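S.K.: This is the content of input26.txt (compact mmCIF, C-alpha atoms):
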# COMPACT_ATOMS: atom_id res chain seq x y z
CA MET A 1 103.30 74.51 42.91
CA SER A 2 99.87 73.33 43.92
CA HIS A 3 98.83 73.55 47.52
CA ASP A 4 96.41 71.53 49.58
CA ALA A 5 93.30 73.42 50.53
CA ASN A 6 94.51 73.19 54.13
CA ASP A 7 97.85 74.78 53.46
CA VAL A 8 98.36 78.34 54.53
CA PRO A 9 100.98 80.20 52.52
CA ALA A 10 103.78 81.43 54.78
CA SER A 11 102.88 85.03 54.04
CA GLU A 12 99.45 84.52 55.55
CA SER A 13 100.52 82.50 58.58
CA ALA A 14 99.07 84.18 61.62
CA ALA A 15 99.94 84.05 65.29
CA THR A 16 96.85 81.92 65.75
CA ASP A 17 98.56 79.08 63.87
CA LEU A 18 101.22 78.78 66.55
CA ARG A 19 101.45 75.87 68.95
CA ARG A 20 101.80 76.65 72.63
CA ASN A 21 104.92 78.74 73.38
CA GLU A 22 106.05 78.87 69.78
CA ARG A 23 107.42 82.25 68.71
CA ALA A 24 107.23 83.88 65.28
CA VAL A 25 108.97 87.04 64.14
CA LYS A 26 107.89 89.67 61.65
CA LEU A 27 110.20 89.74 58.66
CA PRO A 28 110.42 91.71 55.43
CA PRO A 29 110.12 89.67 52.22
CA ALA A 30 113.19 87.53 51.52
CA SER A 31 115.37 89.15 48.86
CA ASP A 32 119.04 88.38 49.52
CA ALA A 33 119.52 85.79 46.76
CA ALA A 34 117.36 83.98 44.23
CA LEU A 35 117.12 80.28 43.51
CA ARG A 36 116.54 78.66 40.14
CA PHE A 37 114.83 75.30 40.47
CA ILE A 38 116.64 72.65 38.41
CA GLY A 39 113.84 70.11 38.28
CA VAL A 40 111.23 68.38 40.39
CA ILE A 41 111.22 65.45 42.80
CA ARG A 42 108.75 62.62 42.31
CA THR A 43 107.93 60.59 45.42
CA PRO A 44 105.06 58.32 46.49
CA TRP A 45 103.86 60.87 49.07
CA VAL A 46 101.20 63.28 47.90
CA HIS A 47 100.02 64.49 51.32
CA ARG A 48 102.20 65.79 54.12
CA ASP A 49 100.74 63.35 56.64
CA ALA A 50 101.99 60.44 54.53
CA CYS A 51 105.63 61.58 54.36
CA PRO A 52 108.03 59.73 56.65
CA ARG A 53 109.82 62.01 59.11
CA GLN A 54 113.18 60.78 57.90
CA GLY A 55 114.08 58.96 54.71
CA ARG A 56 115.42 55.41 54.94
CA PRO A 57 118.03 53.81 52.69
CA ASP A 58 115.59 50.96 52.06
CA GLY A 59 112.74 53.35 51.31
CA PRO A 60 110.86 53.44 48.00
CA GLU A 61 112.45 54.63 44.77
CA CYS A 62 112.05 58.36 44.18
CA ARG A 63 112.95 60.30 41.04
CA LEU A 64 114.89 63.52 40.60
CA VAL A 65 113.59 64.77 37.26
CA LEU A 66 116.05 67.33 35.89
CA ASP A 67 115.09 70.10 33.50
CA PRO A 68 116.59 69.26 30.08
CA VAL A 69 119.11 72.14 30.21
CA TRP A 70 120.85 70.32 33.11
CA HIS A 71 120.85 66.75 31.76
CA ASP A 72 124.54 66.80 30.80
CA ALA A 73 125.44 68.16 34.24
CA LEU A 74 124.81 64.62 35.54
CA GLN A 75 127.86 63.22 33.70
CA GLY A 76 130.07 61.39 36.17
CA LEU A 77 127.52 61.31 38.97
CA GLU A 78 127.02 57.57 38.40
CA GLU A 79 130.35 56.94 40.15
CA TYR A 80 128.92 57.88 43.53
CA PRO A 81 126.82 55.37 45.49
CA MET A 82 125.59 58.12 47.83
CA ILE A 83 124.57 61.61 46.76
CA GLU A 84 123.39 64.72 48.55
CA VAL A 85 120.10 66.26 47.41
CA LEU A 86 118.93 69.79 48.18
CA TYR A 87 115.30 70.80 47.70
CA TRP A 88 112.93 73.64 48.46
CA LEU A 89 110.25 72.94 51.07
CA ASP A 90 107.84 75.29 49.39
CA ARG A 91 104.94 74.82 51.78
CA SER A 92 106.76 75.79 54.96
CA ARG A 93 106.36 78.98 56.95
CA ARG A 94 109.66 80.75 57.49
CA ASP A 95 109.12 82.97 60.52
CA LEU A 96 109.43 80.68 63.57
CA VAL A 97 112.30 81.21 66.02
CA LEU A 98 111.06 78.72 68.64
CA GLN A 99 109.07 75.60 67.81
CA SER A 100 107.11 73.11 69.87
CA PRO A 101 107.44 69.91 67.82
CA LYS A 102 105.56 67.76 70.33
CA SER A 103 102.80 70.33 70.82
CA ASP A 104 103.40 70.06 74.56
CA GLY A 105 104.57 73.61 75.12
CA ARG A 106 108.25 72.68 75.40
CA THR A 107 110.11 74.64 72.75
CA VAL A 108 113.39 74.28 70.96
CA GLY A 109 115.17 76.68 68.62
CA THR A 110 114.53 76.33 64.89
CA PHE A 111 118.22 75.63 64.21
CA ALA A 112 118.22 72.73 66.68
CA LEU A 113 115.57 70.99 64.54
CA ARG A 114 115.55 69.50 61.06
CA SER A 115 111.95 70.66 60.68
CA PRO A 116 110.92 72.06 57.26
CA VAL A 117 109.91 75.24 59.11
CA ARG A 118 112.98 77.48 58.96
CA PRO A 119 113.98 80.88 57.55
CA ASN A 120 115.29 79.23 54.37
CA PRO A 121 113.32 76.02 53.94
CA ILE A 122 115.99 74.01 52.17
CA GLY A 123 115.91 70.28 52.83
CA THR A 124 119.10 68.24 52.57
CA SER A 125 119.14 64.46 52.26
CA LEU A 126 121.86 61.92 51.78
CA VAL A 127 120.42 59.24 49.50
CA ARG A 128 121.40 56.05 47.71
CA LEU A 129 121.87 56.41 43.98
CA VAL A 130 120.00 53.58 42.22
CA ARG A 131 120.41 54.58 38.56
CA ILE A 132 120.41 57.48 36.11
CA GLU A 133 118.22 57.35 33.01
CA ASN A 134 117.49 60.12 30.52
CA GLY A 135 118.13 63.01 32.84
CA THR A 136 116.31 61.41 35.76
CA VAL A 137 118.18 60.27 38.87
CA VAL A 138 116.52 57.39 40.72
CA VAL A 139 117.33 57.31 44.44
CA ARG A 140 116.23 55.77 47.75
CA GLY A 141 116.17 57.58 51.07
CA LEU A 142 114.07 60.68 50.48
CA ASP A 143 111.15 61.78 52.65
CA CYS A 144 109.71 64.79 50.83
CA LEU A 145 106.38 65.43 49.14
CA ASP A 146 105.76 64.58 45.52
CA GLY A 147 106.34 67.70 43.43
CA THR A 148 109.00 69.22 45.69
CA PRO A 149 111.25 71.59 43.69
CA LEU A 150 114.82 70.35 43.22
CA VAL A 151 117.63 72.79 44.05
CA ASP A 152 120.92 70.87 43.83
CA ILE A 153 122.63 67.48 43.58
CA LYS A 154 126.18 66.85 44.84
CA PRO A 155 128.34 63.78 45.42
CA ASP A 156 128.40 62.75 49.08
CA ARG A 157 131.18 64.72 50.72
CA CYS A 158 132.58 61.59 52.35
CA ALA A 159 133.15 59.82 49.02
CA PHE A 160 134.24 62.88 47.07
CA SER A 161 137.86 63.87 46.56
CA PRO A 162 138.46 67.29 45.04
CA LYS A 163 139.35 66.93 41.37
CA ALA A 164 141.45 70.06 41.18
CA PRO A 165 145.07 70.00 42.34
CA PRO A 166 145.87 71.19 45.90
CA LYS A 167 146.33 74.92 46.30
CA SER A 168 149.34 76.72 47.72
CA GLY A 169 149.36 76.68 51.50
CA GLU A 170 147.00 73.72 51.69
CA GLY A 171 148.33 70.81 53.73
CA GLU A 172 147.91 67.15 52.86
CA ALA A 173 144.58 65.69 53.83
CA PRO A 174 144.89 63.64 57.01
CA MET B 175 128.91 91.70 49.58
CA SER B 176 132.25 93.03 48.46
CA HIS B 177 134.05 91.42 45.55
CA ASP B 178 137.69 91.18 44.64
CA ALA B 179 138.64 93.26 41.66
CA ASN B 180 139.26 90.00 39.83
CA ASP B 181 135.79 88.64 40.42
CA VAL B 182 133.38 88.66 37.55
CA PRO B 183 129.74 88.65 38.59
CA ALA B 184 127.96 85.62 37.18
CA SER B 185 125.77 87.81 35.00
CA GLU B 186 128.83 89.11 33.19
CA SER B 187 130.69 85.82 32.83
CA ALA B 188 131.58 85.39 29.20
CA ALA B 189 132.38 82.35 27.11
CA THR B 190 135.99 83.53 27.12
CA ASP B 191 136.23 82.72 30.85
CA LEU B 192 135.70 79.04 30.15
CA ARG B 193 138.42 76.43 30.49
CA ARG B 194 138.89 74.02 27.60
CA ASN B 195 135.74 72.01 26.84
CA GLU B 196 133.69 73.60 29.60
CA ARG B 197 130.11 74.39 28.60
CA ALA B 198 127.92 77.26 29.79
CA VAL B 199 124.23 77.76 29.11
CA LYS B 200 122.22 80.93 28.72
CA LEU B 201 119.69 81.27 31.51
CA PRO B 202 117.07 83.83 32.48
CA PRO B 203 117.58 85.50 35.89
CA ALA B 204 116.88 83.17 38.80
CA SER B 205 113.46 83.89 40.30
CA ASP B 206 111.90 80.68 41.62
CA ALA B 207 112.44 81.34 45.33
CA ALA B 208 114.19 83.92 47.49
CA LEU B 209 116.66 83.41 50.30
CA ARG B 210 116.99 85.52 53.44
CA PHE B 211 120.52 85.44 54.81
CA ILE B 212 120.50 84.71 58.55
CA GLY B 213 124.00 85.98 59.31
CA VAL B 214 127.57 85.88 58.11
CA ILE B 215 130.45 83.41 58.39
CA ARG B 216 133.80 84.58 59.71
CA THR B 217 136.79 82.49 58.64
CA PRO B 218 140.57 83.10 58.41
CA TRP B 219 140.44 83.04 54.59
CA VAL B 220 140.02 86.39 52.87
CA HIS B 221 141.11 85.35 49.36
CA ARG B 222 139.81 82.41 47.36
CA ASP B 223 143.30 81.05 46.76
CA ALA B 224 143.82 80.65 50.51
CA CYS B 225 140.66 78.58 51.13
CA PRO B 226 141.22 74.86 51.62
CA ARG B 227 139.37 72.71 49.10
CA GLN B 228 137.69 70.78 51.89
CA GLY B 229 137.27 71.67 55.54
CA ARG B 230 138.97 69.50 58.15
CA PRO B 231 137.65 68.67 61.61
CA ASP B 232 140.96 69.90 63.05
CA GLY B 233 140.83 73.11 61.01
CA PRO B 234 140.80 76.58 62.56
CA GLU B 235 137.85 77.95 64.51
CA CYS B 236 135.32 79.76 62.36
CA ARG B 237 132.31 81.77 63.54
CA LEU B 238 128.70 81.69 62.40
CA VAL B 239 127.50 85.16 63.41
CA LEU B 240 123.69 85.11 63.51
CA ASP B 241 121.55 88.18 62.99
CA PRO B 242 120.00 89.11 66.37
CA VAL B 243 116.47 88.17 65.29
CA TRP B 244 117.63 84.51 65.11
CA HIS B 245 119.65 84.29 68.34
CA ASP B 246 116.96 82.38 70.23
CA ALA B 247 116.63 79.93 67.33
CA LEU B 248 119.94 78.43 68.53
CA GLN B 249 118.34 77.07 71.75
CA GLY B 250 119.07 73.37 72.03
CA LEU B 251 121.72 73.31 69.30
CA GLU B 252 124.43 72.87 71.95
CA GLU B 253 123.36 69.22 72.32
CA TYR B 254 124.79 68.31 68.93
CA PRO B 255 128.53 67.72 68.49
CA MET B 256 128.21 67.87 64.70
CA ILE B 257 126.04 70.36 62.81
CA GLU B 258 125.26 70.99 59.17
CA VAL B 259 125.87 74.49 57.81
CA LEU B 260 124.42 75.90 54.59
CA TYR B 261 125.84 79.03 53.01
CA TRP B 262 125.63 81.05 49.82
CA LEU B 263 128.71 81.03 47.59
CA ASP B 264 128.02 84.51 46.37
CA ARG B 265 131.01 84.83 44.03
CA SER B 266 130.27 81.80 41.88
CA ARG B 267 129.00 81.79 38.32
CA ARG B 268 125.88 79.67 37.93
CA ASP B 269 125.71 78.75 34.27
CA LEU B 270 128.17 75.85 33.80
CA VAL B 271 126.84 72.43 32.77
CA LEU B 272 130.24 70.81 32.20
CA GLN B 273 133.39 71.77 34.10
CA SER B 274 137.07 71.03 33.63
CA PRO B 275 138.39 71.16 37.22
CA LYS B 276 141.94 70.16 36.28
CA SER B 277 142.05 72.57 33.31
CA ASP B 278 143.15 69.62 31.17
CA GLY B 279 140.14 69.54 28.87
CA ARG B 280 138.55 66.52 30.57
CA THR B 281 135.10 67.55 31.72
CA VAL B 282 132.67 66.32 34.32
CA GLY B 283 129.07 67.35 34.97
CA THR B 284 128.42 70.10 37.50
CA PHE B 285 126.34 67.77 39.69
CA ALA B 286 129.22 65.27 39.89
CA LEU B 287 131.35 67.96 41.57
CA ARG B 288 131.20 69.78 44.88
CA SER B 289 132.54 72.90 43.13
CA PRO B 290 131.04 76.26 44.18
CA VAL B 291 130.10 76.74 40.52
CA ARG B 292 126.54 75.38 40.22
CA PRO B 293 123.08 76.66 39.32
CA ASN B 294 122.29 77.30 42.98
CA PRO B 295 125.62 77.96 44.69
CA ILE B 296 124.73 76.63 48.13
CA GLY B 297 127.59 75.12 50.08
CA THR B 298 126.90 72.44 52.69
CA SER B 299 129.40 71.45 55.36
CA LEU B 300 129.29 69.09 58.28
CA VAL B 301 131.27 70.75 61.06
CA ARG B 302 132.24 70.26 64.70
CA LEU B 303 130.41 72.47 67.16
CA VAL B 304 132.95 74.05 69.53
CA ARG B 305 130.74 76.44 71.52
CA ILE B 306 127.88 78.92 71.27
CA GLU B 307 128.27 82.41 72.70
CA ASN B 308 125.94 85.42 72.33
CA GLY B 309 124.34 84.34 69.09
CA THR B 310 127.61 83.21 67.54
CA VAL B 311 128.29 79.54 66.82
CA VAL B 312 131.98 78.60 66.86
CA VAL B 313 132.81 75.59 64.69
CA ARG B 314 135.72 73.74 63.08
CA GLY B 315 135.66 72.17 59.62
CA LEU B 316 134.61 74.97 57.26
CA ASP B 317 136.44 75.91 54.08
CA CYS B 318 134.63 79.03 52.85
CA LEU B 319 135.70 82.64 52.44
CA ASP B 320 135.42 85.17 55.23
CA GLY B 321 132.17 87.08 54.80
CA THR B 322 130.21 84.24 53.21
CA PRO B 323 126.47 84.69 53.81
CA LEU B 324 124.91 82.14 56.16
CA VAL B 325 121.74 80.38 54.99
CA ASP B 326 120.91 77.66 57.52
CA ILE B 327 122.10 75.60 60.49
CA LYS B 328 120.74 72.12 61.25
CA PRO B 329 121.71 69.29 63.60
CA ASP B 330 123.65 66.56 61.81
CA ARG B 331 121.10 64.16 60.37
CA CYS B 332 122.95 61.16 61.78
CA ALA B 333 122.68 62.38 65.37
CA PHE B 334 119.20 63.84 65.07
CA SER B 335 116.05 61.97 66.02
CA PRO B 336 112.77 63.59 65.04
CA LYS B 337 111.21 65.25 68.07
CA ALA B 338 107.64 64.89 66.90
CA PRO B 339 105.78 61.61 67.41
CA PRO B 340 105.68 59.12 64.50
CA LYS B 341 102.92 59.69 61.99
CA SER B 342 100.24 57.25 60.93
CA GLY B 343 101.55 54.74 58.43
CA GLU B 344 105.16 55.33 59.40
CA GLY B 345 107.04 52.20 60.37
CA GLU B 346 109.50 51.91 63.22
CA ALA B 347 112.96 53.19 62.43
CA PRO B 348 115.32 50.32 61.62
What is this file in structure tokens?

M.R.:
Amino acid sequence: MSHDANDVPASESAATDLRRNERAVKLPPASDAALRFIGVIRTPWVHRDACPRQGRPDGPECRLVLDPVWHDALQGLEEYPMIEVLYWLDRSRRDLVLQSPKSDGRTVGTFALRSPVRPNPIGTSLVRLVRIENGTVVVRGLDCLDGTPLVDIKPDRCAFSPKAPPKSGEGEAP
Amino acid sequence: MSHDANDVPASESAATDLRRNERAVKLPPASDAALRFIGVIRTPWVHRDACPRQGRPDGPECRLVLDPVWHDALQGLEEYPMIEVLYWLDRSRRDLVLQSPKSDGRTVGTFALRSPVRPNPIGTSLVRLVRIENGTVVVRGLDCLDGTPLVDIKPDRCAFSPKAPPKSGEGEAP
């Protein structure tokens, strides 16, 4: 992934980059599990300052461009008007416990924010499926940078009913 | 992580484990990004057959046990009645493009399922926050195995309003 000249890789983030009262922790390199990117996300936003803070269902079309090995894994996805997209926020530092999103010194815990800055910078969005063409999924409702690595696509949990039969001991859904 | 004797690590999954018409692909080891588990999930389900297929808001209490380094990152989370939980489905094979969830030979693409079997086996659940005590988040609505590694916690996107001020070029929220 390319980086803006202004971007500081997480490994080089220093205490001096912190806003007032923010707190970072020292961590060993992440090594518990490895991701395999499945494609790349194309959006109109090529600089972080241009990204909306939250995607909107009437936002511009964005494209989930799947690697060819996964094209057939899209079969059946067209049935779902809303889909969940997971992606890797590859420019985010990962070591902040407390953040000061308004830069005013008032902090909140990382897990009480949907900020890209988190120990595992995975973004999740619920987006409108517009169409699927040649291994590319066109959606509305994203807010991430152009070039963001794609991690997963799932049907919206609200619309999805498990395809497998119920298991023993499992009650009827309410 | 411990594995049942019946579990086959993804790296050793063979074509003979496939249901009728399922399709696996050969993949190099995943190496695009690394996760750092932030804790562990405690649930009543210690065998896969006992897990419900989908969590229910009136399901049993489950516990997100955070590693101590992240305890303070929970500050402010108590404001949100619903939270999103990400976890690593560490017993899932990762190489299936087409799956036959009913074992009847009819296949569907991996990305049209919420099955744990996917190239990046990250589960996402929207759960009810019950309480937070000493770095442990008690929730209802999960469906994963006891001992599942915890990857992230976020406020529900529906309830969350960005804390930072709007950015230039960003319209008013609808």

S.K.: In Å to one decimal, how far is CA of Leu98 in chain A from CA of Gly250 in chain B?

M.R.: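 So the answer is 10.2 Å.
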
S.K.: Quick one: everything within 9 Å of range 108-118 of chain A, counting only C-alpha atoms, minus sequence neighbours fewer than 2 positions away in the same chain. Send it as a ChimeraX atom specification.

M.R.: /A:22,89,91-101,106,120-123 /B:244-254,326-331,334,336-337

S.K.: Which residues are close to range 127-132 of chain A, i.e. within 8 Å by all atoms listed in the file, leaving aside same-chain residues fewer than 3 positions away? Reply as a list of chain:residue names.

M.R.: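 Result of the neighbour search: A:Pro57, A:Glu78, A:Tyr80, A:Pro81, A:Met82, A:Ile83, A:Glu84, A:Val85, A:Gly135, A:Thr136, A:Val137, A:Val138, A:Val139, A:Arg140, A:Gly141, A:Leu142.
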
S.K.: Find the distance between CA of Asp49 in chain A and CA of Cys332 in chain B and write it in Å to one decimal.

M.R.: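 It comes out at 22.9 Å.
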
S.K.: Suppose you want the space between CA of Gly147 in chain A and CA of Gly59 in chain A; what is it in Å?

M.R.: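 CA of Gly59 in chain A lies at a distance of 17.6 Å from CA of Gly147 in chain A.
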